[in-house]
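**Student:** Pasting target-v4.cif here (mmCIF, C-alpha atoms):
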```cif
data_entry
loop_
_atom_site.label_atom_id
_atom_site.label_comp_id
_atom_site.auth_asym_id
_atom_site.auth_seq_id
_atom_site.Cartn_x
_atom_site.Cartn_y
_atom_site.Cartn_z
CA MET A 1447 136.05 120.40 141.72
CA LYS A 1448 137.72 117.93 139.38
CA GLN A 1449 134.84 115.54 139.82
CA GLU A 1450 132.36 118.22 138.81
CA ARG A 1451 134.36 118.93 135.68
CA ASP A 1452 134.46 115.20 134.97
CA THR A 1453 130.70 114.86 135.24
CA ALA A 1454 130.16 117.90 133.05
CA SER A 1455 132.41 116.63 130.28
CA LYS A 1456 130.94 113.15 130.54
CA ARG A 1457 127.50 114.67 130.11
CA SER A 1458 128.57 116.68 127.10
CA VAL A 1459 130.04 113.56 125.48
CA ILE A 1460 126.72 111.79 125.99
CA GLN A 1461 124.73 114.72 124.58
CA ALA A 1462 127.02 115.06 121.57
CA ALA A 1463 126.96 111.33 120.86
CA ILE A 1464 123.16 111.09 120.96
CA GLN A 1465 122.79 114.06 118.64
CA LEU A 1466 125.32 112.75 116.14
CA PHE A 1467 123.92 109.20 116.22
CA ASN A 1468 120.48 110.62 115.43
CA THR A 1469 121.65 112.52 112.39
CA LYS A 1470 124.58 110.53 110.99
CA GLY A 1471 123.84 107.13 112.52
CA PHE A 1472 126.07 105.12 114.82
CA ASN A 1473 128.30 103.83 112.05
CA GLY A 1474 128.49 107.20 110.36
CA THR A 1475 129.77 108.90 113.52
CA SER A 1476 133.43 108.74 114.55
CA VAL A 1477 134.87 109.14 118.05
CA ARG A 1478 136.60 112.22 116.65
CA ASP A 1479 133.21 113.70 115.65
CA ILE A 1480 131.89 113.16 119.16
CA ALA A 1481 134.98 114.59 120.83
CA GLY A 1482 134.85 117.61 118.52
CA LYS A 1483 131.20 118.34 119.18
CA ALA A 1484 131.55 117.79 122.94
CA ASP A 1485 134.75 119.85 122.98
CA VAL A 1486 136.73 117.20 124.86
CA ASN A 1487 139.88 115.23 124.12
CA VAL A 1488 139.39 112.05 122.10
CA ALA A 1489 141.24 110.05 124.76
CA LEU A 1490 138.59 110.99 127.31
CA ILE A 1491 135.98 108.97 125.43
CA SER A 1492 138.18 105.87 125.63
CA TYR A 1493 138.77 106.62 129.28
CA TYR A 1494 135.12 107.10 130.22
CA PHE A 1495 133.37 104.67 127.90
CA ASN A 1496 135.99 102.41 126.37
CA GLY A 1497 135.40 103.83 122.88
CA LYS A 1498 132.41 104.32 120.63
CA LYS A 1499 130.95 100.83 121.05
CA GLY A 1500 131.22 101.10 124.81
CA LEU A 1501 129.49 104.46 124.63
CA ALA A 1502 126.60 103.03 122.60
CA GLU A 1503 126.31 100.14 125.02
CA PHE A 1504 126.27 102.54 127.96
CA LEU A 1505 123.53 104.61 126.33
CA MET A 1506 121.39 101.60 125.49
CA THR A 1507 121.68 99.84 128.82
CA SER A 1508 121.18 102.94 130.94
CA PHE A 1509 118.10 103.89 128.92
CA LEU A 1510 116.61 100.40 129.11
CA GLU A 1511 117.50 99.98 132.78
CA GLY A 1512 115.40 103.02 133.61
CA TYR A 1513 112.67 101.89 131.22
CA VAL A 1514 112.30 98.49 132.87
CA LYS A 1515 112.36 100.09 136.35
CA GLU A 1516 109.25 102.06 135.46
CA LEU A 1517 107.47 98.82 134.68
CA GLU A 1518 108.76 97.16 137.83
CA LYS A 1519 107.23 99.91 139.98
CA VAL A 1520 103.81 99.14 138.55
CA TYR A 1521 104.29 95.38 138.74
CA GLN A 1522 104.79 95.65 142.50
CA GLN A 1523 101.32 97.14 142.91
CA LEU A 1524 99.56 94.42 140.96
CA ASP A 1525 98.18 92.63 144.02
CA ALA A 1526 96.58 95.75 145.42
CA ARG A 1527 95.08 97.27 142.30
CA SER A 1528 93.10 96.39 139.20
CA ALA A 1529 95.05 95.06 136.22
CA ARG A 1530 93.37 97.73 134.12
CA SER A 1531 94.73 100.59 136.21
CA CYS A 1532 98.16 98.92 136.36
CA LEU A 1533 98.31 98.64 132.59
CA ALA A 1534 97.22 102.26 132.22
CA GLU A 1535 99.90 103.40 134.66
CA ALA A 1536 102.56 101.26 132.99
CA ILE A 1537 101.81 102.87 129.64
CA GLU A 1538 101.72 106.35 131.14
CA ARG A 1539 105.07 105.82 132.88
CA ILE A 1540 106.71 104.45 129.74
CA MET A 1541 105.46 107.34 127.63
CA GLU A 1542 106.66 109.86 130.20
CA TYR A 1543 110.02 108.17 130.62
CA GLN A 1544 110.61 108.09 126.89
CA TYR A 1545 109.48 111.70 126.60
CA GLN A 1546 111.94 112.81 129.28
CA ASN A 1547 114.70 110.98 127.38
CA ARG A 1548 113.36 111.42 123.88
CA GLN A 1549 116.62 111.93 121.98
CA LEU A 1550 118.09 108.89 123.66
CA ALA A 1551 114.88 106.91 123.16
CA ARG A 1552 115.02 107.60 119.46
CA PHE A 1553 118.58 106.33 119.25
CA VAL A 1554 117.94 103.18 121.29
CA LEU A 1555 114.67 102.32 119.55
CA ARG A 1556 116.32 102.68 116.17
CA GLU A 1557 119.43 100.77 117.21
CA ILE A 1558 117.45 97.71 118.28
CA THR A 1559 116.17 97.39 114.69
CA PHE A 1560 119.67 96.25 113.65
CA ASP A 1561 121.02 92.71 113.70
CA SER A 1562 123.98 92.64 116.06
CA VAL A 1563 125.39 90.74 119.01
CA LEU A 1564 124.91 93.69 121.35
CA VAL A 1565 121.28 94.04 120.29
CA ARG A 1566 120.71 90.32 120.83
CA GLU A 1567 122.19 90.55 124.34
CA ILE A 1568 120.03 93.54 125.16
CA MET A 1569 116.93 91.75 123.89
CA THR A 1570 117.49 88.77 126.11
CA THR A 1571 117.95 90.91 129.20
CA TYR A 1572 115.95 94.12 129.12
CA LEU A 1573 113.26 93.44 126.56
CA ALA A 1574 112.62 89.99 127.98
CA ARG A 1575 112.08 91.69 131.36
CA GLU A 1576 109.72 94.16 129.75
CA LYS A 1577 107.80 91.22 128.32
CA TYR A 1578 107.80 89.53 131.74
CA TYR A 1579 106.23 92.48 133.55
CA PHE A 1580 103.64 93.09 130.85
CA SER A 1581 102.80 89.38 130.77
CA LYS A 1582 102.19 89.37 134.51
CA ILE A 1583 99.79 92.30 134.22
CA PHE A 1584 97.92 90.53 131.43
CA GLU A 1585 97.81 87.19 133.23
CA VAL A 1586 96.30 88.85 136.28
CA GLY A 1587 93.88 90.75 134.05
CA PHE A 1588 92.74 87.49 132.44
CA ALA A 1589 92.46 85.66 135.75
CA ARG A 1590 90.34 88.42 137.27
CA GLU A 1591 88.28 88.59 134.09
CA GLU A 1592 89.07 92.24 133.62
CA PHE A 1593 90.65 91.60 130.20
CA ARG A 1594 89.17 89.56 127.41
CA PRO A 1595 91.25 86.51 126.47
CA GLN A 1596 93.88 87.05 123.80
CA SER A 1597 97.45 86.20 122.91
CA ILE A 1598 99.88 87.93 125.25
CA ASP A 1599 102.70 87.85 122.73
CA TYR A 1600 100.70 89.49 119.97
CA ILE A 1601 99.22 92.11 122.24
CA ILE A 1602 102.65 93.07 123.60
CA MET A 1603 103.99 93.36 120.06
CA GLN A 1604 101.14 95.61 119.02
CA MET A 1605 101.67 97.70 122.15
CA ARG A 1606 105.39 98.06 121.55
CA GLY A 1607 104.63 99.44 118.11
CA MET A 1608 102.29 102.05 119.56
CA LEU A 1609 104.59 102.93 122.47
CA SER A 1610 107.69 103.50 120.37
CA MET A 1611 106.14 105.24 117.37
CA PRO A 1612 106.10 108.83 118.77
CA PHE A 1613 109.78 108.61 119.66
CA LEU A 1614 111.00 106.78 116.56
CA GLN A 1615 109.26 109.06 114.09
CA PRO A 1616 109.17 112.61 115.52
CA GLN A 1617 110.03 114.11 112.14
CA TYR A 1618 107.11 112.30 110.53
CA ILE A 1619 104.76 113.69 113.19
CA LEU A 1620 106.05 117.20 112.56
CA GLU A 1621 106.28 117.18 108.76
CA VAL A 1622 103.19 115.15 107.88
CA HIS A 1623 100.80 115.87 110.76
CA HIS A 1624 102.10 119.33 111.69
CA ILE A 1625 102.04 118.38 115.35
CA GLN A 1626 104.93 119.28 117.66
CA PRO A 1627 106.26 115.96 119.01
CA ASN A 1628 108.46 117.76 121.53
CA GLU A 1629 105.58 119.40 123.33
CA HIS A 1630 104.33 117.61 126.40
CA TYR A 1631 100.77 118.13 125.27
CA PHE A 1632 101.36 115.78 122.37
CA ILE A 1633 102.40 112.95 124.69
CA GLU A 1634 99.43 113.55 126.98
CA ARG A 1635 97.04 113.44 124.06
CA TYR A 1636 98.65 110.33 122.59
CA THR A 1637 98.64 108.59 125.98
CA LYS A 1638 94.97 109.41 126.40
CA GLN A 1639 94.33 107.57 123.17
CA LEU A 1640 96.26 104.55 124.44
CA ASN A 1641 94.03 104.62 127.49
CA GLU A 1642 91.02 104.42 125.26
CA TRP A 1643 92.67 101.47 123.57
CA ILE A 1644 92.90 99.72 126.95
CA GLU A 1645 89.22 100.36 127.61
CA ARG A 1646 87.87 99.36 124.24
CA TYR A 1647 90.35 96.77 123.06
CA ILE A 1648 91.90 95.10 126.10
CA CYS A 1649 89.14 95.18 128.66
CA LYS A 1650 86.24 92.79 128.69
CA THR A 1651 83.71 95.52 129.20
CA GLY A 1652 84.75 99.03 128.42
CA ILE A 1653 83.24 101.99 130.21
CA TRP A 1654 81.17 102.74 127.13
CA GLU A 1655 79.45 99.36 127.43
CA ALA A 1656 78.75 99.65 131.13
CA ARG A 1657 75.89 102.13 130.81
CA PRO A 1658 72.69 100.68 132.22
CA PHE A 1659 70.11 99.55 129.74
CA VAL A 1660 66.96 101.66 130.10
CA MET A 1661 63.59 100.47 128.86
CA ASN A 1662 61.01 103.00 127.79
CA GLY A 1663 57.46 102.46 128.92
CA MET B 1476 121.46 89.09 76.40
CA LYS B 1477 123.34 92.12 77.66
CA GLN B 1478 120.13 93.58 79.08
CA GLU B 1479 119.46 90.40 81.04
CA ARG B 1480 122.93 90.55 82.51
CA ASP B 1481 122.34 94.21 83.37
CA THR B 1482 119.11 93.46 85.20
CA ALA B 1483 120.69 90.57 87.08
CA SER B 1484 123.63 92.62 88.29
CA LYS B 1485 121.33 95.54 89.15
CA ARG B 1486 119.25 93.17 91.24
CA SER B 1487 122.28 91.77 93.02
CA VAL B 1488 123.45 95.31 93.84
CA ILE B 1489 120.03 96.04 95.34
CA GLN B 1490 120.01 92.80 97.35
CA ALA B 1491 123.54 93.35 98.62
CA ALA B 1492 122.83 96.97 99.56
CA ILE B 1493 119.69 96.13 101.53
CA GLN B 1494 121.46 93.37 103.43
CA LEU B 1495 124.44 95.54 104.28
CA PHE B 1496 122.31 98.53 105.26
CA ASN B 1497 120.38 96.27 107.65
CA THR B 1498 123.49 95.03 109.41
CA LYS B 1499 126.01 97.88 109.18
CA GLY B 1500 123.65 100.79 108.59
CA PHE B 1501 123.64 103.15 105.62
CA ASN B 1502 126.55 105.23 106.86
CA GLY B 1503 128.55 102.19 107.90
CA THR B 1504 128.35 100.67 104.41
CA SER B 1505 130.65 101.77 101.60
CA VAL B 1506 130.04 101.50 97.86
CA ARG B 1507 133.01 99.16 97.83
CA ASP B 1508 131.28 96.85 100.37
CA ILE B 1509 128.19 96.71 98.18
CA ALA B 1510 130.15 96.07 94.99
CA GLY B 1511 132.13 93.34 96.76
CA LYS B 1512 129.06 91.57 98.09
CA ALA B 1513 127.18 91.88 94.80
CA ASP B 1514 130.28 90.82 92.88
CA VAL B 1515 130.12 93.74 90.47
CA ASN B 1516 132.47 96.56 89.55
CA VAL B 1517 132.28 99.64 91.79
CA ALA B 1518 131.78 101.84 88.73
CA LEU B 1519 128.56 100.00 87.94
CA ILE B 1520 126.93 101.37 91.10
CA SER B 1521 127.70 104.91 90.00
CA TYR B 1522 126.44 104.06 86.55
CA TYR B 1523 123.16 102.52 87.68
CA PHE B 1524 122.33 104.54 90.76
CA ASN B 1525 124.60 107.56 90.82
CA GLY B 1526 126.40 106.33 93.95
CA LYS B 1527 125.35 105.21 97.41
CA LYS B 1528 122.99 108.11 98.12
CA GLY B 1529 121.28 107.61 94.79
CA LEU B 1530 120.92 103.94 95.60
CA ALA B 1531 119.30 104.67 98.97
CA GLU B 1532 116.97 107.17 97.33
CA PHE B 1533 116.04 104.61 94.68
CA LEU B 1534 115.29 102.00 97.36
CA MET B 1535 113.18 104.34 99.45
CA THR B 1536 111.15 105.85 96.63
CA SER B 1537 110.47 102.56 94.88
CA PHE B 1538 109.36 100.96 98.15
CA LEU B 1539 107.10 103.87 99.08
CA GLU B 1540 105.75 104.23 95.55
CA GLY B 1541 104.45 100.66 95.74
CA TYR B 1542 103.25 101.17 99.30
CA VAL B 1543 101.12 104.19 98.40
CA LYS B 1544 99.75 102.40 95.31
CA GLU B 1545 98.29 99.72 97.57
CA LEU B 1546 96.38 102.38 99.44
CA GLU B 1547 95.28 104.07 96.24
CA LYS B 1548 93.65 100.84 95.03
CA VAL B 1549 91.48 100.75 98.13
CA TYR B 1550 90.71 104.45 98.03
CA GLN B 1551 89.17 104.03 94.58
CA GLN B 1552 86.59 101.60 95.97
CA LEU B 1553 85.48 103.87 98.78
CA ASP B 1554 82.23 104.93 97.10
CA ALA B 1555 81.07 101.38 96.52
CA ARG B 1556 82.00 99.78 99.83
CA SER B 1557 81.84 100.31 103.56
CA ALA B 1558 84.63 102.39 105.13
CA ARG B 1559 85.16 99.54 107.57
CA SER B 1560 85.92 97.01 104.85
CA CYS B 1561 88.10 99.55 103.01
CA LEU B 1562 90.16 100.17 106.12
CA ALA B 1563 90.51 96.44 106.72
CA GLU B 1564 91.65 95.88 103.15
CA ALA B 1565 94.07 98.83 103.29
CA ILE B 1566 95.71 97.35 106.37
CA GLU B 1567 95.80 93.88 104.87
CA ARG B 1568 97.38 95.15 101.66
CA ILE B 1569 99.99 97.19 103.52
CA MET B 1570 100.93 94.25 105.71
CA GLU B 1571 101.22 91.95 102.72
CA TYR B 1572 103.21 94.48 100.70
CA GLN B 1573 105.64 95.02 103.53
CA TYR B 1574 105.91 91.28 104.08
CA GLN B 1575 106.74 90.68 100.42
CA ASN B 1576 109.44 93.36 100.68
CA ARG B 1577 110.38 92.83 104.31
CA GLN B 1578 114.14 93.42 104.09
CA LEU B 1579 113.57 96.60 102.15
CA ALA B 1580 110.73 97.65 104.45
CA ARG B 1581 113.03 97.33 107.44
CA PHE B 1582 115.62 99.56 105.82
CA VAL B 1583 113.14 102.22 104.70
CA LEU B 1584 111.23 102.29 107.99
CA ARG B 1585 114.46 102.68 109.91
CA GLU B 1586 115.85 105.29 107.52
CA ILE B 1587 112.84 107.58 107.95
CA THR B 1588 113.66 107.84 111.66
CA PHE B 1589 116.68 109.98 110.77
CA ASP B 1590 116.74 113.74 110.28
CA SER B 1591 117.83 114.42 106.72
CA VAL B 1592 116.85 116.40 103.65
CA LEU B 1593 116.03 113.24 101.70
CA VAL B 1594 113.80 111.99 104.50
CA ARG B 1595 112.03 115.33 104.66
CA GLU B 1596 111.37 115.25 100.90
CA ILE B 1597 110.05 111.72 101.13
CA MET B 1598 107.76 112.68 104.01
CA THR B 1599 106.18 115.51 102.08
CA THR B 1600 105.49 113.32 99.07
CA TYR B 1601 104.83 109.68 99.95
CA LEU B 1602 103.86 109.81 103.60
CA ALA B 1603 101.64 112.82 103.02
CA ARG B 1604 99.88 110.76 100.34
CA GLU B 1605 99.53 107.88 102.77
CA LYS B 1606 97.94 110.26 105.23
CA TYR B 1607 95.64 111.61 102.51
CA TYR B 1608 94.25 108.19 101.59
CA PHE B 1609 93.80 107.12 105.19
CA SER B 1610 92.14 110.43 106.03
CA LYS B 1611 89.64 109.96 103.22
CA ILE B 1612 88.71 106.51 104.49
CA PHE B 1613 88.22 107.91 108.00
CA GLU B 1614 86.23 110.92 106.81
CA VAL B 1615 83.84 108.67 104.93
CA GLY B 1616 83.65 106.36 107.93
CA PHE B 1617 82.70 109.29 110.18
CA ALA B 1618 80.19 110.70 107.69
CA ARG B 1619 78.46 107.35 107.33
CA GLU B 1620 78.55 106.87 111.09
CA GLU B 1621 80.47 103.62 110.76
CA PHE B 1622 83.37 104.98 112.83
CA ARG B 1623 83.13 106.73 116.15
CA PRO B 1624 84.46 110.31 116.07
CA GLN B 1625 88.12 110.75 116.88
CA SER B 1626 91.22 112.65 115.77
CA ILE B 1627 92.37 111.46 112.34
CA ASP B 1628 95.96 112.54 112.96
CA TYR B 1629 96.30 110.63 116.20
CA ILE B 1630 94.63 107.53 114.87
CA ILE B 1631 96.90 107.45 111.81
CA MET B 1632 99.96 107.84 114.04
CA GLN B 1633 98.86 104.98 116.26
CA MET B 1634 98.18 102.87 113.18
CA ARG B 1635 101.56 103.62 111.63
CA GLY B 1636 103.19 102.37 114.82
CA MET B 1637 101.27 99.11 114.65
CA LEU B 1638 101.79 98.65 110.91
CA SER B 1639 105.55 99.15 110.95
CA MET B 1640 106.42 97.29 114.16
CA PRO B 1641 106.62 93.73 112.72
CA PHE B 1642 109.02 94.89 110.00
CA LEU B 1643 111.14 97.22 112.10
CA GLN B 1644 111.71 94.77 114.93
CA PRO B 1645 111.88 91.24 113.49
CA GLN B 1646 114.79 90.33 115.73
CA TYR B 1647 112.81 91.39 118.81
CA ILE B 1648 109.90 89.18 117.72
CA LEU B 1649 112.25 86.24 117.25
CA GLU B 1650 114.47 86.65 120.32
CA VAL B 1651 111.91 87.78 122.88
CA HIS B 1652 108.67 86.20 121.71
CA HIS B 1653 110.17 83.17 119.92
CA ILE B 1654 107.90 83.75 116.96
CA GLN B 1655 109.22 83.49 113.39
CA PRO B 1656 108.61 86.93 111.83
CA ASN B 1657 109.50 85.64 108.37
CA GLU B 1658 106.69 83.11 108.27
CA HIS B 1659 103.57 84.20 106.51
CA TYR B 1660 101.47 82.81 109.32
CA PHE B 1661 102.84 85.47 111.66
CA ILE B 1662 101.65 88.28 109.39
CA GLU B 1663 98.23 86.68 108.99
CA ARG B 1664 97.85 86.38 112.75
CA TYR B 1665 99.07 89.91 113.38
CA THR B 1666 96.75 91.30 110.68
CA LYS B 1667 93.82 89.44 112.22
CA GLN B 1668 94.54 91.30 115.44
CA LEU B 1669 94.55 94.61 113.58
CA ASN B 1670 91.14 93.68 112.21
CA GLU B 1671 89.90 93.21 115.72
CA TRP B 1672 91.30 96.63 116.50
CA ILE B 1673 89.18 98.10 113.69
CA GLU B 1674 86.07 96.38 115.06
CA ARG B 1675 86.55 97.27 118.70
CA TYR B 1676 88.41 100.53 118.57
CA ILE B 1677 87.55 102.30 115.33
CA CYS B 1678 84.00 101.24 114.66
CA LYS B 1679 81.02 102.74 116.39
CA THR B 1680 79.44 99.41 117.11
CA GLY B 1681 81.67 96.41 116.92
CA ILE B 1682 80.27 93.01 116.02
CA TRP B 1683 80.46 92.01 119.67
CA GLU B 1684 78.10 94.83 120.61
CA ALA B 1685 75.57 94.09 117.89
CA ARG B 1686 74.00 91.08 119.63
CA PRO B 1687 70.31 91.69 120.33
CA PHE B 1688 69.32 92.42 123.90
CA VAL B 1689 67.14 89.58 125.22
CA MET B 1690 64.83 90.10 128.18
CA ASN B 1691 63.99 87.17 130.42
CA GLY B 1692 60.40 86.75 131.51
#
```
Could I get this structure in the form of structure tokens?
**Tutor:**
Amino acid sequence: MKQERDTASKRSVIQAAIQLFNTKGFNGTSVRDIAGKADVNVALISYYFNGKKGLAEFLMTSFLEGYVKELEKVYQQLDARSARSCLAEAIERIMEYQYQNRQLARFVLREITFDSVLVREIMTTYLAREKYYFSKIFEVGFAREEFRPQSIDYIIMQMRGMLSMPFLQPQYILEVHHIQPNEHYFIERYTKQLNEWIERYICKTGIWEARPFVMNG
Amino acid sequence: MKQERDTASKRSVIQAAIQLFNTKGFNGTSVRDIAGKADVNVALISYYFNGKKGLAEFLMTSFLEGYVKELEKVYQQLDARSARSCLAEAIERIMEYQYQNRQLARFVLREITFDSVLVREIMTTYLAREKYYFSKIFEVGFAREEFRPQSIDYIIMQMRGMLSMPFLQPQYILEVHHIQPNEHYFIERYTKQLNEWIERYICKTGIWEARPFVMNG
């Protein structure tokens, strides 16, 4: 019974923190603000997370841990499947994962745009692993001549921009494009477009080029 | 003489503010911090910018004003040139403009990921104008059958992700890819890739498809 109450209050601290970080920023939010919004005692936040910094670290690492796991699942299938379908599934999984955790994604993606020691540590663990898995998919794609040759670094950078955009700028999507970023349909439609990008931009011969040439007469 | 001193101290306030916002965040930075770093009197910041919020607003609007002007220049040439070359130039100009103002770009691009009244106002002026100019280029590209048909909203979203990535995540580029984001070469190389994206993804027939079909025998 106590444990259930613990988990519930822990969850409400997390929810409150994410919401406040997304409106007032990490530095603009105090532990008191979080405790107030979550309706828990301030001391509990120290107890659970070792303060505000510990809470941010917990949020970032748990988000990125799950993120990298999605990629790992695809990486393990690389021997048995085409690189093209692995890349498509990797993108689909990342989009879905971020969608399921979209408030948290927004916080983490914004936070890694700052210069800080924590961010640097996170880079060299999680985002280097992300790069590793993507690189492997591309290397296999090049070796099997599914993908046309190109710089892995630059292509991963471009991809990261496209993968994070919907979660970093939901308000832009709503206010400027009048599209609901919180609806699952939006993510499906956006992911479909990324699939087209794989076909036309990454692959050596896209589906649209594979049509047989027919001579008349 | 006094005016020169004014401009110099105004500039140092701006420089100090951008630097602090990029390390401690807007909410984590006080007017006192800015005044200290810029070595000016606190009162001067009120006098010049009407406080910290006014300063942030000044930074965002002046950055975006210049940003949209770059697009406007290209838009005016749309009747005389191909949509393809207009889109390429628009992207090149935006990349160069952001590069020239990269610290400021990073702040503004991060700031528009927050939910706030100021951000909403900025969206409905500057980013709606950005969308307008891009839409016109795409509409002309569709009408002239240079571009293959697709959703303008989704393509602009994807593009915004790619265009802002190098400026939002310079530390990621440095720490994970070991590429210097502050070197002009990086931007040239990245822009070249975006050009390839126009050819392969946006255009109806990319250069690589235009080769004549040769029959043997």
**Student:** Return as number ranges by chain the residues belonging to chain A that are within 8 Å of chain B, counting all atoms listed in the file.
**Tutor:** A: 1468-1474, 1552, 1556, 1558-1562, 1566, 1569-1570, 1573-1574, 1577, 1599-1600, 1603-1612, 1614-1619, 1621-1623, 1636, 1639, 1643, 1646-1647
**Student:** If the PyMOL selection byres ((chain B and resi 1575) around 12) is run on the structure shown, which residues does it catch, given as a ChimeraX atom specification?
**Tutor:** /B:1538,1541-1542,1568-1574,1576-1581,1642,1657-1659,1662
**Student:** Filtering to C-alpha atoms, could you give me those residues as an mmCIF file, keeping the file's coordinate frame?
**Tutor:**
```
data_model
loop_
_atom_site.group_PDB
_atom_site.id
_atom_site.type_symbol
_atom_site.label_atom_id
_atom_site.label_comp_id
_atom_site.auth_asym_id
_atom_site.auth_seq_id
_atom_site.Cartn_x
_atom_site.Cartn_y
_atom_site.Cartn_z
ATOM 1 C CA PHE B 1538 109.360 100.960 98.150
ATOM 2 C CA GLY B 1541 104.450 100.660 95.740
ATOM 3 C CA TYR B 1542 103.250 101.170 99.300
ATOM 4 C CA ARG B 1568 97.380 95.150 101.660
ATOM 5 C CA ILE B 1569 99.990 97.190 103.520
ATOM 6 C CA MET B 1570 100.930 94.250 105.710
ATOM 7 C CA GLU B 1571 101.220 91.950 102.720
ATOM 8 C CA TYR B 1572 103.210 94.480 100.700
ATOM 9 C CA GLN B 1573 105.640 95.020 103.530
ATOM 10 C CA TYR B 1574 105.910 91.280 104.080
ATOM 11 C CA ASN B 1576 109.440 93.360 100.680
ATOM 12 C CA ARG B 1577 110.380 92.830 104.310
ATOM 13 C CA GLN B 1578 114.140 93.420 104.090
ATOM 14 C CA LEU B 1579 113.570 96.600 102.150
ATOM 15 C CA ALA B 1580 110.730 97.650 104.450
ATOM 16 C CA ARG B 1581 113.030 97.330 107.440
ATOM 17 C CA PHE B 1642 109.020 94.890 110.000
ATOM 18 C CA ASN B 1657 109.500 85.640 108.370
ATOM 19 C CA GLU B 1658 106.690 83.110 108.270
ATOM 20 C CA HIS B 1659 103.570 84.200 106.510
ATOM 21 C CA ILE B 1662 101.650 88.280 109.390
#
```
**Student:** Skipping near chain neighbours, those fewer than 4 positions away, what residues fall within 8 Å of Leu1501 of chain A using all atoms listed in the file, listed as a ChimeraX atom specification?
**Tutor:** /A:1460,1491,1495-1497,1505
**Student:** State, in Å with one decimal place, the distance from atom CA of Met1535 of chain B to atom CA of Val1554 of chain A.
**Tutor:** 22.4 Å
**Student:** Show me, as a PDB file with C-alpha atoms, in the frame of the given file, the residues that have an atom within 10 Å of Ala1536 of chain A when counting only C-alpha atoms, minus same-chain residues fewer than 3 positions from it.
**Tutor:**
```
ATOM      1  CA  GLU A1516     109.250 102.060 135.460  1.00  0.00           C
ATOM      2  CA  LEU A1517     107.470  98.820 134.680  1.00  0.00           C
ATOM      3  CA  GLU A1518     108.760  97.160 137.830  1.00  0.00           C
ATOM      4  CA  LYS A1519     107.230  99.910 139.980  1.00  0.00           C
ATOM      5  CA  VAL A1520     103.810  99.140 138.550  1.00  0.00           C
ATOM      6  CA  TYR A1521     104.290  95.380 138.740  1.00  0.00           C
ATOM      7  CA  ARG A1530      93.370  97.730 134.120  1.00  0.00           C
ATOM      8  CA  SER A1531      94.730 100.590 136.210  1.00  0.00           C
ATOM      9  CA  CYS A1532      98.160  98.920 136.360  1.00  0.00           C
ATOM     10  CA  LEU A1533      98.310  98.640 132.590  1.00  0.00           C
ATOM     11  CA  ARG A1539     105.070 105.820 132.880  1.00  0.00           C
ATOM     12  CA  ILE A1540     106.710 104.450 129.740  1.00  0.00           C
ATOM     13  CA  MET A1541     105.460 107.340 127.630  1.00  0.00           C
ATOM     14  CA  GLU A1542     106.660 109.860 130.200  1.00  0.00           C
ATOM     15  CA  TYR A1579     106.230  92.480 133.550  1.00  0.00           C
ATOM     16  CA  PHE A1580     103.640  93.090 130.850  1.00  0.00           C
ATOM     17  CA  ILE A1583      99.790  92.300 134.220  1.00  0.00           C
TER      18      ILE A1583
END
```
**Student:** Report the distance between atom CA of Ile1464 of chain A and atom CA of Thr1507 of chain A in Å, rounded to one decimal place.
**Tutor:**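 Separation between atom CA of Ile1464 of chain A and atom CA of Thr1507 of chain A: 13.8 Å.
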**Student:** Between B:Ala1510, B:Ser1505, B:Tyr1523, B:Val1517, which is the closest to Asp1481 of chain B once you count all atoms listed in the file?
**Tutor:** B:Tyr1523
**Student:** To one decimal place, how far is atom CA of Ser1521 of chain B from atom CA of Lys1544 of chain B in Å?
**Tutor:** 28.6 Å
**Student:** Apply the PyMOL selection byres ((chain A and resi 1528) around 12) to the file shown and report the selected residues as a list of chain:residue names.
**Tutor:**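 That expression, the PyMOL selection byres ((chain A and resi 1528) around 12), corresponds here to A:Val1520, A:Tyr1521, A:Gln1523, A:Leu1524, A:Asp1525, A:Ala1526, A:Arg1527, A:Ala1529, A:Arg1530, A:Ser1531, A:Cys1532, A:Leu1533, A:Ala1534, A:Glu1535, A:Ile1583, A:Phe1584, A:Glu1585, A:Val1586, A:Gly1587, A:Phe1588, A:Ala1589, A:Arg1590, A:Glu1591, A:Glu1592, A:Phe1593, A:Cys1649.
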**Student:** Given 6 Å of margin on each side, can you work out the centre and size in Å (one decimal) of an axis-aligned box holding every listed atom of segment 1534-1542 of chain B, as lines of an AutoDock Vina configuration file?
**Tutor:**
```
center_x = 109.3
center_y = 103.3
center_z = 97.2
size_x = 24.0
size_y = 17.2
size_z = 16.6
```
**Student:** Evaluate the PyMOL selection byres ((chain A and resi 1456) around 10) and record the selected residues as a ChimeraX atom specification, following the chain and residue labels used in the document.
**Tutor:** /A:1450-1455,1457-1462,1484,1486,1490-1491,1494-1495
